[in-house]
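Here is work.cif, consisting of mmCIF, C-alpha atoms:
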data_coords
#
loop_
_atom_site.label_atom_id
_atom_site.label_comp_id
_atom_site.auth_asym_id
_atom_site.auth_seq_id
_atom_site.Cartn_x
_atom_site.Cartn_y
_atom_site.Cartn_z
CA MET A 1 74.39 136.80 42.64
CA GLU A 2 74.57 133.93 40.18
CA VAL A 3 74.61 130.48 41.74
CA MET A 4 77.71 128.53 40.75
CA ASP A 5 77.88 124.89 39.77
CA THR A 6 80.47 123.24 41.92
CA LYS A 7 81.94 120.07 43.27
CA ILE A 8 82.52 119.73 47.02
CA ILE A 9 85.64 118.00 48.30
CA LEU A 10 84.89 116.39 51.66
CA ALA A 11 88.07 116.10 53.75
CA SER A 12 86.70 113.25 55.87
CA LYS A 13 86.23 109.49 55.80
CA SER A 14 82.88 109.85 57.60
CA ARG A 15 80.05 108.17 55.72
CA ALA A 16 77.52 110.22 57.72
CA ARG A 17 79.09 113.53 56.65
CA TYR A 18 79.18 112.32 53.05
CA GLU A 19 75.48 111.43 53.17
CA LEU A 20 74.56 114.81 54.70
CA LEU A 21 76.36 116.72 51.93
CA LYS A 22 75.05 114.43 49.19
CA SER A 23 71.49 115.04 50.42
CA LEU A 24 71.92 118.72 49.51
CA GLY A 25 72.40 117.86 45.84
CA PHE A 26 76.13 118.50 45.45
CA ASP A 27 78.63 116.38 43.56
CA ILE A 28 80.87 115.11 46.39
CA GLU A 29 84.41 113.74 46.23
CA VAL A 30 85.94 112.28 49.39
CA VAL A 31 89.62 112.98 50.09
CA GLU A 32 91.36 111.84 53.25
CA PRO A 33 92.80 114.86 55.09
CA HIS A 34 96.47 114.92 56.08
CA ALA A 35 96.30 116.71 59.41
CA LYS A 36 96.90 115.36 62.89
CA GLU A 37 93.95 115.98 65.21
CA ARG A 38 94.51 117.90 68.42
CA LYS A 39 92.91 116.45 71.54
CA ALA A 40 90.86 118.55 73.96
CA LYS A 41 92.31 118.15 77.44
CA SER A 42 89.28 119.73 79.13
CA PRO A 43 85.70 120.78 78.26
CA LYS A 44 86.90 124.42 78.09
CA GLU A 45 89.07 123.55 75.08
CA VAL A 46 86.41 121.73 73.05
CA ILE A 47 85.25 124.62 70.84
CA SER A 48 88.76 125.79 69.93
CA VAL A 49 89.87 122.20 69.26
CA VAL A 50 86.98 121.23 66.94
CA VAL A 51 87.33 124.48 64.98
CA ASP A 52 91.13 124.17 64.77
CA ASN A 53 90.97 120.50 63.73
CA SER A 54 88.43 121.23 60.99
CA TYR A 55 90.53 124.19 59.78
CA ARG A 56 93.75 122.18 59.57
CA LYS A 57 91.99 119.25 57.85
CA ALA A 58 90.42 121.56 55.26
CA LEU A 59 93.72 123.32 54.49
CA SER A 60 95.53 119.98 54.13
CA VAL A 61 93.66 119.29 50.87
CA LYS A 62 95.00 121.19 47.86
CA THR A 63 92.41 121.72 45.12
CA GLU A 64 90.58 124.41 43.15
CA SER A 65 87.23 123.14 44.44
CA ILE A 66 85.43 123.93 47.68
CA VAL A 67 86.85 121.87 50.56
CA VAL A 68 84.74 121.00 53.60
CA ALA A 69 86.12 119.51 56.82
CA ALA A 70 84.56 118.94 60.22
CA ASP A 71 85.42 117.67 63.68
CA THR A 72 83.10 116.57 66.48
CA LEU A 73 83.50 116.02 70.22
CA VAL A 74 81.08 115.03 72.96
CA PHE A 75 81.48 116.62 76.39
CA ASP A 76 79.86 117.61 79.65
CA ASP A 77 81.15 119.76 82.52
CA ASN A 78 83.80 117.19 83.46
CA ILE A 79 84.79 114.94 80.56
CA VAL A 80 85.54 115.15 76.83
CA PHE A 81 84.79 112.09 74.68
CA GLY A 82 86.39 111.54 71.31
CA LYS A 83 86.04 108.33 69.29
CA PRO A 84 86.32 105.06 71.19
CA SER A 85 89.11 102.79 70.00
CA SER A 86 87.49 99.57 71.25
CA ILE A 87 84.15 98.04 72.20
CA GLU A 88 85.21 98.25 75.86
CA GLU A 89 85.89 101.98 75.60
CA ALA A 90 82.57 102.49 73.77
CA ARG A 91 80.76 100.61 76.54
CA GLU A 92 82.36 102.88 79.18
CA MET A 93 81.25 105.98 77.26
CA ILE A 94 77.66 104.78 76.90
CA LEU A 95 77.55 103.80 80.59
CA TYR A 96 78.75 107.28 81.55
CA LEU A 97 76.21 109.03 79.27
CA ASN A 98 73.35 106.73 80.34
CA GLY A 99 70.38 108.85 81.50
CA ARG A 100 72.42 112.08 81.32
CA TRP A 101 72.54 115.32 79.39
CA HIS A 102 75.68 116.07 77.41
CA ASN A 103 76.85 118.43 74.66
CA VAL A 104 77.98 117.73 71.12
CA ALA A 105 80.19 120.32 69.42
CA SER A 106 80.95 120.19 65.70
CA GLY A 107 83.52 122.48 64.13
CA LEU A 108 83.28 123.14 60.40
CA SER A 109 85.72 124.78 57.99
CA ILE A 110 85.11 125.58 54.34
CA VAL A 111 87.90 126.59 51.96
CA PHE A 112 86.53 128.33 48.86
CA PRO A 113 88.22 128.41 45.42
CA ASP A 114 89.42 131.98 46.13
CA ARG A 115 91.18 130.48 49.24
CA ASP A 116 88.86 132.36 51.58
CA VAL A 117 88.17 130.22 54.65
CA ILE A 118 85.07 130.24 56.82
CA SER A 119 85.38 128.39 60.13
CA LEU A 120 82.48 128.01 62.54
CA TYR A 121 80.95 125.67 65.08
CA ASP A 122 77.61 124.58 66.47
CA ILE A 123 76.58 122.91 69.72
CA ALA A 124 73.63 120.63 70.42
CA ARG A 125 72.46 119.16 73.73
CA VAL A 126 71.48 115.51 73.98
CA LYS A 127 69.86 113.52 76.76
CA PHE A 128 70.20 109.76 76.78
CA LYS A 129 67.27 107.77 78.07
CA VAL A 130 67.92 105.47 81.02
CA LEU A 131 69.22 102.33 79.36
CA THR A 132 69.28 98.79 80.68
CA GLN A 133 72.52 96.84 80.73
CA GLU A 134 71.08 94.65 77.95
CA GLU A 135 70.35 97.70 75.76
CA ILE A 136 73.87 99.03 76.25
CA GLU A 137 75.36 95.64 75.42
CA PHE A 138 73.15 95.30 72.34
CA TYR A 139 74.21 98.72 71.10
CA VAL A 140 77.96 98.36 71.58
CA LEU A 141 77.88 94.95 69.88
CA THR A 142 76.42 96.60 66.74
CA ARG A 143 79.90 98.22 66.47
CA GLU A 144 78.25 101.47 65.37
CA SER A 145 80.04 103.10 68.34
CA LEU A 146 83.46 102.73 66.79
CA GLY A 147 84.63 105.81 64.95
CA LYS A 148 81.95 108.09 66.43
CA ALA A 149 82.53 110.84 68.98
CA GLY A 150 80.99 109.85 72.29
CA GLY A 151 80.59 106.28 71.09
CA TYR A 152 77.22 106.70 69.37
CA GLY A 153 75.58 107.90 66.17
CA LEU A 154 72.08 109.07 65.28
CA GLN A 155 72.02 107.52 61.81
CA GLY A 156 71.47 103.93 62.87
CA PRO A 157 70.51 101.94 65.95
CA GLY A 158 72.05 104.65 68.18
CA LEU A 159 68.93 106.72 67.72
CA PHE A 160 67.16 104.57 70.33
CA LEU A 161 69.65 105.77 72.99
CA VAL A 162 68.38 109.35 72.80
CA GLU A 163 65.47 110.77 74.79
CA LYS A 164 65.74 114.49 73.88
CA ILE A 165 67.72 116.78 71.61
CA TYR A 166 68.08 120.56 71.75
CA GLY A 167 69.75 121.88 68.64
CA HIS A 168 70.21 120.67 65.10
CA PRO A 169 70.49 116.89 64.56
CA SER A 170 73.15 117.42 61.86
CA THR A 171 75.45 118.92 64.49
CA ILE A 172 75.24 115.64 66.41
CA ILE A 173 75.83 113.65 63.22
CA GLY A 174 79.01 115.67 62.69
CA LEU A 175 78.39 118.44 60.16
CA PRO A 176 76.08 121.36 61.03
CA ILE A 177 74.26 121.57 57.70
CA HIS A 178 72.26 124.70 58.58
CA ARG A 179 75.49 126.64 59.28
CA PHE A 180 77.13 125.14 56.16
CA VAL A 181 74.26 126.30 53.92
CA ASP A 182 74.41 129.82 55.43
CA ALA A 183 78.16 130.01 54.66
CA LEU A 184 77.67 128.77 51.08
CA SER A 185 74.84 131.23 50.55
CA GLU A 186 77.04 134.09 51.76
CA LYS A 187 79.61 133.21 49.07
CA GLY A 188 77.08 132.56 46.26
CA TYR A 189 77.34 128.76 46.16
CA TRP A 190 73.85 127.97 47.46
CA PRO A 191 71.65 126.45 46.14
CA PRO A 192 73.49 124.17 43.68
CA LYS A 193 72.70 124.84 40.02
CA GLU A 194 71.20 121.40 39.54
CA PRO A 195 70.60 118.87 42.30
CA ARG A 196 72.51 115.61 41.91
CA SER A 197 70.89 112.34 42.84
#

In structure tokens, what does this structure look like?
Amino acid sequence: MEVMDTKIILASKSRARYELLKSLGFDIEVVEPHAKERKAKSPKEVISVVVDNSYRKALSVKTESIVVAADTLVFDDNIVFGKPSSIEEAREMILYLNGRWHNVASGLSIVFPDRDVISLYDIARVKFKVLTQEEIEFYVLTRESLGKAGGYGLQGPGLFLVEKIYGHPSTIIGLPIHRFVDALSEKGYWPPKEPRS
């Protein structure tokens, strides 16, 4: 199958997702999706919610190009964490996750030019190290927590919070690249004709 040269439309304002896709050598255009996100009311709903949210975001962008959308939630057996809306809420999330294992689920939907849609998800497990109150305060004051599921990110200072990871780091960042590449390969869009820098 001939590899096609293509532009990827990223239906997300996430800088981390943009950087992940850009690192693969694609020409990326960011378009804000026009879909309201569903909230998971319990950990049992997380997978269906992240897949559904990514699907609705991807379909909200009308174009002839490939559209990629994702959604990420952090959860354990009892609680689901979305994005904190304040430093105080971020602090509460980090305090709860302190020294504990939790799960990160990322849903991903890809709309191809033929309007075929592939939706999938991936889960990673993360253990936070035991953090001091000073470390937690330092981290939340970086403001990296805001806009990130679970109140932390791996791309900046948040990396110091983590003791162990089982699964793919890109799932935690918010876009499971390994699953994305498999889906593109299946449809003949991987690898890109020429890597972009």

- Message: What would the selection look like, as a PyMOL selection string, if the PyMOL selection byres ((chain A and resi 8-24) around 8) were run on the coordinates I just shared?
- Response: chain A and resi 6-7+25-33+57-58+61+65-70+155+170+173-175+177+195-197

- Item | Contacts of Glu163 in chain A at 8 Å (all atoms listed in the file; same-chain gap of 3+ positions) as a list in words | Val126, Lys127, Phe128, Lys129 and Phe160 of chain A

Which centre and edge lengths in Å to one decimal define the box along x, y and z that fits every listed atom of range 23-36 of chain A plus 3 Å per side, as lines of an AutoDock Vina configuration file?
center_x = 84.2
center_y = 115.3
center_z = 53.2
size_x = 31.4
size_y = 12.9
size_z = 25.3

- Message: Residues near Met93 in chain A, anyone? I mean within 8 Å using only C-alpha atoms, not counting same-chain ones fewer than 2 positions away, as a ChimeraX atom specification.
- Response: /A:81,84,89-91,95-97,150-151

Can I get the selected residues back with C-alpha atoms, as a tab-separated table (two decimals), in the coordinates of the input?
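Final file, part.tsv:
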chain	number	residue	atom	x	y	z
A	81	PHE	CA	84.79	112.09	74.68
A	84	PRO	CA	86.32	105.06	71.19
A	89	GLU	CA	85.89	101.98	75.60
A	90	ALA	CA	82.57	102.49	73.77
A	91	ARG	CA	80.76	100.61	76.54
A	95	LEU	CA	77.55	103.80	80.59
A	96	TYR	CA	78.75	107.28	81.55
A	97	LEU	CA	76.21	109.03	79.27
A	150	GLY	CA	80.99	109.85	72.29
A	151	GLY	CA	80.59	106.28	71.09

- Message: Given the PyMOL selection byres ((chain A and resi 104) around 6) and the file above, list the residues it selects as a PyMOL selection string.
- Response: chain A and resi 73-74+103+105+123-124+172

- Query: How would you write as a VMD selection string the residues that get within 9 Å of (96.8, 118.1, 65.1) in the file's frame, counting only C-alpha atoms?
  - Reply: chain A and resid 35 to 39 52 to 53 56 to 57

- Query: What do you get, as a VMD selection string, if you spell out every residue that the PyMOL selection byres ((chain A and resi 147) around 8) selects here?
  - Reply: chain A and resid 83 to 85 144 to 146 148 to 149 151
